[in-house]
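Next comes work_33.pdb, a file with PDB, C-alpha atoms and all ligand atoms.
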```pdb
ATOM      1  CA  MET A  17     -49.896  34.813  39.913
ATOM      2  CA  LYS A  18     -47.681  37.610  38.603
ATOM      3  CA  VAL A  19     -49.485  39.862  36.153
ATOM      4  CA  ALA A  20     -48.268  42.589  33.773
ATOM      5  CA  VAL A  21     -50.916  44.828  32.237
ATOM      6  CA  VAL A  22     -50.370  47.240  29.355
ATOM      7  CA  TYR A  23     -53.270  49.610  28.773
ATOM      8  CA  GLY A  24     -53.499  51.256  25.358
ATOM      9  CA  THR A  25     -54.970  54.329  27.001
ATOM     10  CA  GLU A  26     -54.520  56.521  30.071
ATOM     11  CA  HIS A  27     -58.298  56.901  30.311
ATOM     12  CA  ARG A  28     -59.621  54.891  33.269
ATOM     13  CA  GLY A  29     -62.852  54.058  31.500
ATOM     14  CA  SER A  30     -64.500  50.827  30.389
ATOM     15  CA  THR A  31     -61.324  49.058  29.286
ATOM     16  CA  TYR A  32     -59.543  49.836  32.562
ATOM     17  CA  ASN A  33     -62.556  48.859  34.679
ATOM     18  CA  ILE A  34     -63.049  45.561  32.880
ATOM     19  CA  VAL A  35     -59.368  44.721  33.432
ATOM     20  CA  GLN A  36     -59.842  45.591  37.139
ATOM     21  CA  LEU A  37     -62.731  43.085  37.278
ATOM     22  CA  PHE A  38     -60.385  40.443  35.870
ATOM     23  CA  LEU A  39     -57.680  41.302  38.408
ATOM     24  CA  ASP A  40     -60.247  40.971  41.220
ATOM     25  CA  GLY A  41     -61.517  37.691  39.785
ATOM     26  CA  LEU A  42     -57.986  36.346  39.553
ATOM     27  CA  HIS A  43     -57.162  37.532  43.115
ATOM     28  CA  VAL A  44     -53.930  39.202  42.029
ATOM     29  CA  PRO A  45     -52.085  40.588  45.078
ATOM     30  CA  GLU A  46     -50.940  44.196  44.634
ATOM     31  CA  GLY A  47     -47.282  43.207  44.899
ATOM     32  CA  ASP A  48     -47.627  40.822  41.969
ATOM     33  CA  LEU A  49     -49.171  43.398  39.665
ATOM     34  CA  SER A  50     -47.362  45.731  37.236
ATOM     35  CA  GLU A  51     -49.514  48.171  35.283
ATOM     36  CA  PHE A  52     -48.379  50.387  32.409
ATOM     37  CA  PHE A  53     -50.427  53.126  30.796
ATOM     38  CA  LEU A  54     -49.806  54.303  27.246
ATOM     39  CA  PRO A  55     -48.596  56.757  26.144
ATOM     40  CA  ARG A  56     -47.520  57.841  29.667
ATOM     41  CA  ASP A  57     -45.135  54.916  30.216
ATOM     42  CA  MET A  58     -43.931  54.520  26.622
ATOM     43  CA  PRO A  59     -44.549  57.740  24.717
ATOM     44  CA  HIS A  60     -42.410  57.047  21.627
ATOM     45  CA  PHE A  61     -43.110  56.021  18.074
ATOM     46  CA  CYS A  62     -40.733  53.545  16.463
ATOM     47  CA  CYS A  63     -38.388  55.635  14.305
ATOM     48  CA  GLY A  64     -37.493  52.748  11.987
ATOM     49  CA  CYS A  65     -33.756  52.650  12.774
ATOM     50  CA  VAL A  66     -34.006  48.798  12.782
ATOM     51  CA  ARG A  67     -31.262  48.700  15.415
ATOM     52  CA  CYS A  68     -33.319  46.374  17.656
ATOM     53  CA  ILE A  69     -33.561  43.839  14.857
ATOM     54  CA  GLU A  70     -30.133  44.188  13.286
ATOM     55  CA  LYS A  71     -27.886  45.040  16.259
ATOM     56  CA  GLY A  72     -29.779  44.098  19.411
ATOM     57  CA  GLU A  73     -32.735  45.407  21.405
ATOM     58  CA  GLU A  74     -30.398  47.250  23.802
ATOM     59  CA  TYR A  75     -29.628  49.669  20.929
ATOM     60  CA  CYS A  76     -33.245  50.892  20.639
ATOM     61  CA  PRO A  77     -33.234  54.670  21.237
ATOM     62  CA  HIS A  78     -36.340  54.166  23.424
ATOM     63  CA  ARG A  79     -34.802  51.399  25.521
ATOM     64  CA  GLU A  80     -35.279  53.317  28.767
ATOM     65  CA  ALA A  81     -39.068  53.273  28.339
ATOM     66  CA  ILE A  82     -39.280  49.770  26.910
ATOM     67  CA  ALA A  83     -37.001  47.918  29.365
ATOM     68  CA  PRO A  84     -39.192  48.143  32.508
ATOM     69  CA  ILE A  85     -42.255  46.972  30.566
ATOM     70  CA  GLU A  86     -40.281  44.183  28.945
ATOM     71  CA  ASN A  87     -38.945  43.067  32.353
ATOM     72  CA  ALA A  88     -42.433  42.996  33.868
ATOM     73  CA  ILE A  89     -43.758  41.000  30.911
ATOM     74  CA  ASP A  90     -40.886  38.529  31.188
ATOM     75  CA  LYS A  91     -41.566  37.958  34.890
ATOM     76  CA  ALA A  92     -45.355  37.675  34.544
ATOM     77  CA  ASP A  93     -47.401  34.475  34.462
ATOM     78  CA  LEU A  94     -50.202  36.421  32.799
ATOM     79  CA  VAL A  95     -49.675  39.227  30.283
ATOM     80  CA  VAL A  96     -52.677  41.492  29.730
ATOM     81  CA  LEU A  97     -52.950  43.783  26.712
ATOM     82  CA  ALA A  98     -56.023  46.026  26.841
ATOM     83  CA  SER A  99     -57.172  48.691  24.408
ATOM     84  CA  PRO A 100     -60.267  50.612  23.535
ATOM     85  CA  VAL A 101     -61.204  50.488  19.864
ATOM     86  CA  TYR A 102     -60.197  53.627  17.993
ATOM     87  CA  VAL A 103     -61.370  53.749  14.363
ATOM     88  CA  LEU A 104     -61.871  49.994  14.285
ATOM     89  CA  ARG A 105     -58.377  49.146  15.541
ATOM     90  CA  VAL A 106     -56.244  49.361  18.668
ATOM     91  CA  THR A 107     -55.249  52.830  19.797
ATOM     92  CA  GLY A 108     -52.233  54.373  18.071
ATOM     93  CA  GLN A 109     -50.262  54.214  21.313
ATOM     94  CA  MET A 110     -50.858  50.454  21.649
ATOM     95  CA  LYS A 111     -49.700  49.952  18.067
ATOM     96  CA  ALA A 112     -46.611  52.115  18.728
ATOM     97  CA  PHE A 113     -45.873  49.983  21.797
ATOM     98  CA  LEU A 114     -46.229  46.719  19.854
ATOM     99  CA  ASP A 115     -43.948  48.050  17.081
ATOM    100  CA  HIS A 116     -41.128  48.258  19.652
ATOM    101  CA  PHE A 117     -41.282  44.475  20.122
ATOM    102  CA  ALA A 118     -40.648  43.542  16.484
ATOM    103  CA  PHE A 119     -37.291  42.068  17.525
ATOM    104  CA  ARG A 120     -39.181  39.497  19.612
ATOM    105  CA  PHE A 121     -41.152  38.180  16.679
ATOM    106  CA  MET A 122     -40.749  34.475  15.967
ATOM    107  CA  VAL A 123     -38.794  35.256  12.803
ATOM    108  CA  HIS A 124     -36.225  37.132  14.916
ATOM    109  CA  ARG A 125     -35.562  36.440  18.590
ATOM    110  CA  PRO A 126     -38.589  35.140  20.540
ATOM    111  CA  ASN A 127     -37.991  34.901  24.292
ATOM    112  CA  GLU A 128     -38.142  31.356  25.627
ATOM    113  CA  ALA A 129     -40.163  32.440  28.679
ATOM    114  CA  MET A 130     -43.100  33.450  26.452
ATOM    115  CA  PHE A 131     -43.935  29.920  25.395
ATOM    116  CA  SER A 132     -45.245  28.922  28.825
ATOM    117  CA  LYS A 133     -47.129  32.175  29.474
ATOM    118  CA  THR A 134     -50.814  32.961  29.353
ATOM    119  CA  ALA A 135     -52.125  36.201  27.893
ATOM    120  CA  LEU A 136     -55.437  37.988  28.118
ATOM    121  CA  VAL A 137     -56.477  40.509  25.491
ATOM    122  CA  VAL A 138     -59.276  42.957  26.270
ATOM    123  CA  ALA A 139     -60.916  45.389  23.852
ATOM    124  CA  THR A 140     -63.946  47.602  24.327
ATOM    125  CA  ALA A 141     -65.814  49.680  21.762
ATOM    126  CA  ALA A 142     -68.959  51.745  21.713
ATOM    127  CA  GLY A 143     -70.395  49.531  18.989
ATOM    128  CA  GLY A 144     -67.937  47.514  16.946
ATOM    129  CA  GLY A 145     -64.368  46.836  15.931
ATOM    130  CA  MET A 146     -63.400  44.607  18.856
ATOM    131  CA  LYS A 147     -62.496  41.710  16.567
ATOM    132  CA  SER A 148     -59.918  43.664  14.557
ATOM    133  CA  ALA A 149     -58.507  45.386  17.654
ATOM    134  CA  ILE A 150     -58.187  42.023  19.391
ATOM    135  CA  ARG A 151     -56.437  40.649  16.316
ATOM    136  CA  ASP A 152     -53.919  43.530  16.383
ATOM    137  CA  MET A 153     -52.884  42.426  19.883
ATOM    138  CA  THR A 154     -53.138  38.627  19.493
ATOM    139  CA  THR A 155     -50.994  38.784  16.333
ATOM    140  CA  SER A 156     -48.086  40.211  18.328
ATOM    141  CA  LEU A 157     -48.590  37.844  21.262
ATOM    142  CA  THR A 158     -48.645  34.838  18.931
ATOM    143  CA  HIS A 159     -45.463  35.998  17.208
ATOM    144  CA  TRP A 160     -43.854  36.557  20.617
ATOM    145  CA  GLY A 161     -44.592  32.867  21.209
ATOM    146  CA  VAL A 162     -47.139  33.272  24.025
ATOM    147  CA  GLY A 163     -48.467  29.789  24.711
ATOM    148  CA  ARG A 164     -52.122  30.493  25.453
ATOM    149  CA  ILE A 165     -54.188  33.566  24.648
ATOM    150  CA  PHE A 166     -57.638  34.392  26.018
ATOM    151  CA  THR A 167     -59.646  37.263  24.540
ATOM    152  CA  TYR A 168     -62.530  39.392  25.736
ATOM    153  CA  GLY A 169     -64.181  41.954  23.486
ATOM    154  CA  ARG A 170     -67.197  43.987  24.510
ATOM    155  CA  ALA A 171     -69.355  46.638  22.895
ATOM    156  CA  VAL A 172     -70.341  48.816  25.846
ATOM    157  CA  ALA A 173     -72.558  51.378  24.037
ATOM    158  CA  ALA A 174     -70.799  54.143  25.980
ATOM    159  CA  THR A 175     -67.728  56.352  25.911
ATOM    160  CA  ASP A 176     -66.985  55.855  29.607
ATOM    161  CA  TRP A 177     -67.602  53.219  32.301
ATOM    162  CA  HIS A 178     -70.115  55.504  34.075
ATOM    163  CA  GLY A 179     -72.249  55.440  30.936
ATOM    164  CA  VAL A 180     -72.427  51.640  30.742
ATOM    165  CA  LYS A 181     -75.904  50.374  31.674
ATOM    166  CA  ASP A 182     -76.209  48.290  34.860
ATOM    167  CA  GLY A 183     -77.538  45.265  32.968
ATOM    168  CA  LYS A 184     -74.514  45.303  30.689
ATOM    169  CA  LYS A 185     -72.162  45.654  33.664
ATOM    170  CA  ARG A 186     -73.756  42.582  35.267
ATOM    171  CA  GLN A 187     -73.317  40.622  32.030
ATOM    172  CA  ILE A 188     -69.672  41.731  31.869
ATOM    173  CA  GLU A 189     -69.144  40.626  35.492
ATOM    174  CA  ARG A 190     -70.563  37.184  34.685
ATOM    175  CA  ASP A 191     -68.355  36.876  31.578
ATOM    176  CA  VAL A 192     -65.297  37.955  33.548
ATOM    177  CA  ASP A 193     -66.002  35.418  36.319
ATOM    178  CA  ARG A 194     -66.273  32.616  33.789
ATOM    179  CA  LEU A 195     -63.132  33.592  31.895
ATOM    180  CA  SER A 196     -61.130  34.232  35.088
ATOM    181  CA  ALA A 197     -61.919  30.682  36.255
ATOM    182  CA  ARG A 198     -60.562  29.313  32.960
ATOM    183  CA  ILE A 199     -57.428  31.461  33.179
ATOM    184  CA  LYS A 200     -56.810  30.401  36.798
ATOM    185  CA  LYS A 201     -57.149  26.718  35.957
ATOM    186  CA  GLY A 202     -54.578  26.707  33.181
ATOM    187  CA  TYR A 203     -51.908  29.262  33.943
ATOM    188  CA  GLY A 204     -48.377  28.207  34.833
ATOM    189  CA  ASN A 205     -48.829  24.901  33.045
ATOM    190  CA  VAL A 206     -49.150  25.983  29.465
ATOM    191  CA  THR A 207     -48.281  23.984  26.390
ATOM    192  CA  PRO A 208     -48.148  26.350  23.427
ATOM    193  CA  SER A 209     -50.977  26.322  20.913
ATOM    194  CA  PHE A 210     -50.659  24.500  17.603
ATOM    195  CA  LYS A 211     -50.344  27.885  15.869
ATOM    196  CA  VAL A 212     -47.359  28.939  17.998
ATOM    197  CA  LYS A 213     -45.635  25.573  17.547
ATOM    198  CA  ALA A 214     -46.249  25.650  13.776
ATOM    199  CA  LEU A 215     -44.824  29.164  13.568
ATOM    200  CA  PHE A 216     -41.777  28.086  15.569
ATOM    201  CA  HIS A 217     -41.117  25.105  13.296
ATOM    202  CA  ALA A 218     -41.511  27.216  10.140
ATOM    203  CA  MET A 219     -39.031  29.816  11.438
ATOM    204  CA  ARG A 220     -36.647  27.097  12.601
ATOM    205  CA  LEU A 221     -36.556  25.629   9.089
ATOM    206  CA  MET A 222     -35.961  29.081   7.659
ATOM    207  CA  HIS A 223     -33.043  29.744  10.029
ATOM    208  CA  LYS A 224     -31.538  26.362   9.186
ATOM    209  CA  LYS A 225     -31.603  27.153   5.466
ATOM    210  CA  LEU A 226     -30.989  30.912   5.308
ATOM    211  CA  GLU A 227     -28.895  33.427   7.150
ATOM    212  CA  PHE A 228     -30.763  36.632   6.437
ATOM    213  CA  ASN A 229     -30.031  38.358   9.756
ATOM    214  CA  PRO A 230     -26.865  37.035  11.442
ATOM    215  CA  ILE A 231     -27.798  37.970  15.036
ATOM    216  CA  ASP A 232     -31.106  36.085  14.730
ATOM    217  CA  ARG A 233     -29.408  32.993  13.404
ATOM    218  CA  GLU A 234     -26.786  33.175  16.175
ATOM    219  CA  TYR A 235     -29.569  33.533  18.759
ATOM    220  CA  TRP A 236     -31.467  30.478  17.484
ATOM    221  CA  ASP A 237     -28.236  28.524  17.439
ATOM    222  CA  LYS A 238     -27.359  29.557  21.002
ATOM    223  CA  GLN A 239     -30.797  28.511  22.279
ATOM    224  CA  GLY A 240     -30.195  25.039  20.827
ATOM    225  CA  TRP A 241     -33.394  25.401  18.766
ATOM    226  CA  LEU A 242     -31.640  24.538  15.501
ATOM    227  CA  GLU A 243     -30.855  21.179  17.118
ATOM    228  CA  ARG A 244     -33.267  19.203  19.308
ATOM    229  CA  LYS A 245     -34.020  21.748  22.034
ATOM    230  CA  ARG A 246     -37.471  23.386  22.083
ATOM    231  CA  PRO A 247     -38.687  26.374  24.109
ATOM    232  CA  TRP A 248     -41.569  24.350  25.642
TER     233      TRP A 248
HETATM  234  C1  LIG A 301     -60.801  58.415  18.740
HETATM  235  C2  LIG A 301     -61.853  57.420  19.076
HETATM  236  C3  LIG A 301     -62.225  56.485  18.110
HETATM  237  C4  LIG A 301     -63.217  55.539  18.379
HETATM  238  N1  LIG A 301     -63.518  54.612  17.421
HETATM  239  C5  LIG A 301     -64.503  53.715  17.661
HETATM  240  C6  LIG A 301     -64.841  52.741  16.668
HETATM  241  O1  LIG A 301     -64.247  52.634  15.615
HETATM  242  N2  LIG A 301     -65.857  51.882  16.948
HETATM  243  C7  LIG A 301     -66.557  51.951  18.131
HETATM  244  O2  LIG A 301     -67.469  51.190  18.298
HETATM  245  N3  LIG A 301     -66.223  52.843  19.095
HETATM  246  C8  LIG A 301     -65.217  53.703  18.898
HETATM  247  N4  LIG A 301     -64.852  54.601  19.873
HETATM  248  C9  LIG A 301     -65.486  54.500  21.204
HETATM  249  C10 LIG A 301     -64.617  53.701  22.189
HETATM  250  O3  LIG A 301     -64.055  52.573  21.571
HETATM  251  C11 LIG A 301     -65.431  53.171  23.358
HETATM  252  O4  LIG A 301     -66.138  54.202  23.961
HETATM  253  C12 LIG A 301     -64.516  52.474  24.361
HETATM  254  O5  LIG A 301     -65.287  51.675  25.210
HETATM  255  C13 LIG A 301     -63.726  53.492  25.192
HETATM  256  O6  LIG A 301     -62.935  52.821  26.106
HETATM  257  P1  LIG A 301     -62.401  53.510  27.446
HETATM  258  O7  LIG A 301     -63.635  53.880  28.247
HETATM  259  O8  LIG A 301     -61.578  52.473  28.084
HETATM  260  O9  LIG A 301     -61.635  54.713  27.019
HETATM  261  C14 LIG A 301     -63.881  55.545  19.645
HETATM  262  C15 LIG A 301     -63.485  56.484  20.612
HETATM  263  C16 LIG A 301     -62.482  57.397  20.348
HETATM  264  C17 LIG A 301     -62.054  58.367  21.421
END
```

Take the structure in this file and express it as structure tokens.
Amino acid sequence: MKVAVVYGTEHRGSTYNIVQLFLDGLHVPEGDLSEFFLPRDMPHFCCGCVRCIEKGEEYCPHREAIAPIENAIDKADLVVLASPVYVLRVTGQMKAFLDHFAFRFMVHRPNEAMFSKTALVVATAAGGGMKSAIRDMTTSLTHWGVGRIFTYGRAVAATDWHGVKDGKKRQIERDVDRLSARIKKGYGNVTPSFKVKALFHAMRLMHKKLEFNPIDREYWDKQGWLERKRPW
């Protein structure tokens, strides 16, 4: 199983350690694992030039930072997005990262490979906010077309992994074991969720009727999606 992980923090605390438990549970060999830490590996904010959407993603001024992460995601069977909760949302750096993938949204140019992928979203907080942080990440994954998304949110009552009580760590280990078994069973053989298919069909209809961004329309046409071909 090839795995790409994007951490919305450079802090190797609870979020990082929970992802490591998943990687152990999934028996991911080192050679099949790509890990990216934000902001270290993608330190830019989207500057709003809209070149990725209107001209092509290769025109993004931050392409050099984005391309290796994009390549790893495209090759992965499992895409992991992981973020601590900062003020009830994902970290700013995770949001800045996700902003750079607007061109991949279903309304624009979703990548066919996404539809058969599995994703795992992890969020930790001291007390609360996991649900909204998880939604920040699942919203992008759904609009990228990712076929199946698992989520794991945990209030750890700590600001670092060392501060997490042993009982809580044991509970987390049990949760991770259970979820890893489910991920292992299904990956590589994914049929996209109803939500992803519905989104695809809605955008397909729109592209058939309107031509609001010519390169998107051309892309959909080239994929054969405006005819009978489907990305799953
Ligand atoms: C700037 C900042 C904002 C935070 N906001 C929240 C919050 O809104 N709700 C919460 O429960 N914990 C909040 N926390 C605590 C972290 O979410 C929590 O400790 C998390 O597990 C840290 O993950 P890490 O160990 O992977 O860095 C915040 C921490 C920081 C540094």

- Might you spell out which residues the PyMOL selection byres (((chain A and resi 229) around 12) and not hetatm) would select in the displayed file, as number ranges by chain? A: 66-72, 119, 123-125, 222-223, 226-228, 230-236

Take the residues from that selection and write them out as a PDB file, keeping the file's coordinate frame, keeping C-alpha atoms.
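Saved as again_34.pdb:
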```
ATOM      1  CA  VAL A  66     -34.006  48.798  12.782  1.00  0.00           C
ATOM      2  CA  ARG A  67     -31.262  48.700  15.415  1.00  0.00           C
ATOM      3  CA  CYS A  68     -33.319  46.374  17.656  1.00  0.00           C
ATOM      4  CA  ILE A  69     -33.561  43.839  14.857  1.00  0.00           C
ATOM      5  CA  GLU A  70     -30.133  44.188  13.286  1.00  0.00           C
ATOM      6  CA  LYS A  71     -27.886  45.040  16.259  1.00  0.00           C
ATOM      7  CA  GLY A  72     -29.779  44.098  19.411  1.00  0.00           C
ATOM      8  CA  PHE A 119     -37.291  42.068  17.525  1.00  0.00           C
ATOM      9  CA  VAL A 123     -38.794  35.256  12.803  1.00  0.00           C
ATOM     10  CA  HIS A 124     -36.225  37.132  14.916  1.00  0.00           C
ATOM     11  CA  ARG A 125     -35.562  36.440  18.590  1.00  0.00           C
ATOM     12  CA  MET A 222     -35.961  29.081   7.659  1.00  0.00           C
ATOM     13  CA  HIS A 223     -33.043  29.744  10.029  1.00  0.00           C
ATOM     14  CA  LEU A 226     -30.989  30.912   5.308  1.00  0.00           C
ATOM     15  CA  GLU A 227     -28.895  33.427   7.150  1.00  0.00           C
ATOM     16  CA  PHE A 228     -30.763  36.632   6.437  1.00  0.00           C
ATOM     17  CA  PRO A 230     -26.865  37.035  11.442  1.00  0.00           C
ATOM     18  CA  ILE A 231     -27.798  37.970  15.036  1.00  0.00           C
ATOM     19  CA  ASP A 232     -31.106  36.085  14.730  1.00  0.00           C
ATOM     20  CA  ARG A 233     -29.408  32.993  13.404  1.00  0.00           C
ATOM     21  CA  GLU A 234     -26.786  33.175  16.175  1.00  0.00           C
ATOM     22  CA  TYR A 235     -29.569  33.533  18.759  1.00  0.00           C
ATOM     23  CA  TRP A 236     -31.467  30.478  17.484  1.00  0.00           C
TER      24      TRP A 236
END
```

To test your reading of the syntax: which residues would the PyMOL selection byres (((chain A and resi 140-150) around 9) and not hetatm) return for the file shown? Reply as a PDB file with C-alpha atoms, keeping the file's coordinate frame.
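Writing done, so here's selection19.pdb:
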```
ATOM      1  CA  SER A  30     -64.500  50.827  30.389  1.00  0.00           C
ATOM      2  CA  THR A  31     -61.324  49.058  29.286  1.00  0.00           C
ATOM      3  CA  ILE A  34     -63.049  45.561  32.880  1.00  0.00           C
ATOM      4  CA  ALA A  98     -56.023  46.026  26.841  1.00  0.00           C
ATOM      5  CA  SER A  99     -57.172  48.691  24.408  1.00  0.00           C
ATOM      6  CA  PRO A 100     -60.267  50.612  23.535  1.00  0.00           C
ATOM      7  CA  VAL A 101     -61.204  50.488  19.864  1.00  0.00           C
ATOM      8  CA  TYR A 102     -60.197  53.627  17.993  1.00  0.00           C
ATOM      9  CA  VAL A 103     -61.370  53.749  14.363  1.00  0.00           C
ATOM     10  CA  LEU A 104     -61.871  49.994  14.285  1.00  0.00           C
ATOM     11  CA  ARG A 105     -58.377  49.146  15.541  1.00  0.00           C
ATOM     12  CA  VAL A 106     -56.244  49.361  18.668  1.00  0.00           C
ATOM     13  CA  THR A 107     -55.249  52.830  19.797  1.00  0.00           C
ATOM     14  CA  VAL A 137     -56.477  40.509  25.491  1.00  0.00           C
ATOM     15  CA  VAL A 138     -59.276  42.957  26.270  1.00  0.00           C
ATOM     16  CA  ALA A 139     -60.916  45.389  23.852  1.00  0.00           C
ATOM     17  CA  ARG A 151     -56.437  40.649  16.316  1.00  0.00           C
ATOM     18  CA  ASP A 152     -53.919  43.530  16.383  1.00  0.00           C
ATOM     19  CA  MET A 153     -52.884  42.426  19.883  1.00  0.00           C
ATOM     20  CA  THR A 154     -53.138  38.627  19.493  1.00  0.00           C
ATOM     21  CA  THR A 155     -50.994  38.784  16.333  1.00  0.00           C
ATOM     22  CA  THR A 167     -59.646  37.263  24.540  1.00  0.00           C
ATOM     23  CA  TYR A 168     -62.530  39.392  25.736  1.00  0.00           C
ATOM     24  CA  GLY A 169     -64.181  41.954  23.486  1.00  0.00           C
ATOM     25  CA  ARG A 170     -67.197  43.987  24.510  1.00  0.00           C
ATOM     26  CA  ALA A 171     -69.355  46.638  22.895  1.00  0.00           C
ATOM     27  CA  VAL A 172     -70.341  48.816  25.846  1.00  0.00           C
ATOM     28  CA  ALA A 173     -72.558  51.378  24.037  1.00  0.00           C
ATOM     29  CA  ALA A 174     -70.799  54.143  25.980  1.00  0.00           C
ATOM     30  CA  THR A 175     -67.728  56.352  25.911  1.00  0.00           C
TER      31      THR A 175
END
```

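Restricting the calculation to only C-alpha atoms, the smallest distance between Val162 in chain A and any of A:Lys213, A:Arg190, A:Lys224, A:Arg246 is found for A:Lys213.
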
- Atomic distance CA of Tyr32 in chain A - CA of Glu189 in chain A, expressed in Å with one decimal: 13.6 Å

As lines of an AutoDock Vina configuration file, please: the centre and edge lengths in Å, to one decimal, of an axis-aligned box enclosing every listed atom of ligand LIG 301 (chain A) with 5 Å added on each side.
```
center_x = -64.1
center_y = 54.8
center_z = 21.9
size_x = 16.7
size_y = 17.2
size_z = 22.6
```

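The gap separating atom N4 of ligand LIG 301 (chain A) from CA of Asp193 in chain A is 25.3 Å, in Å to one decimal.
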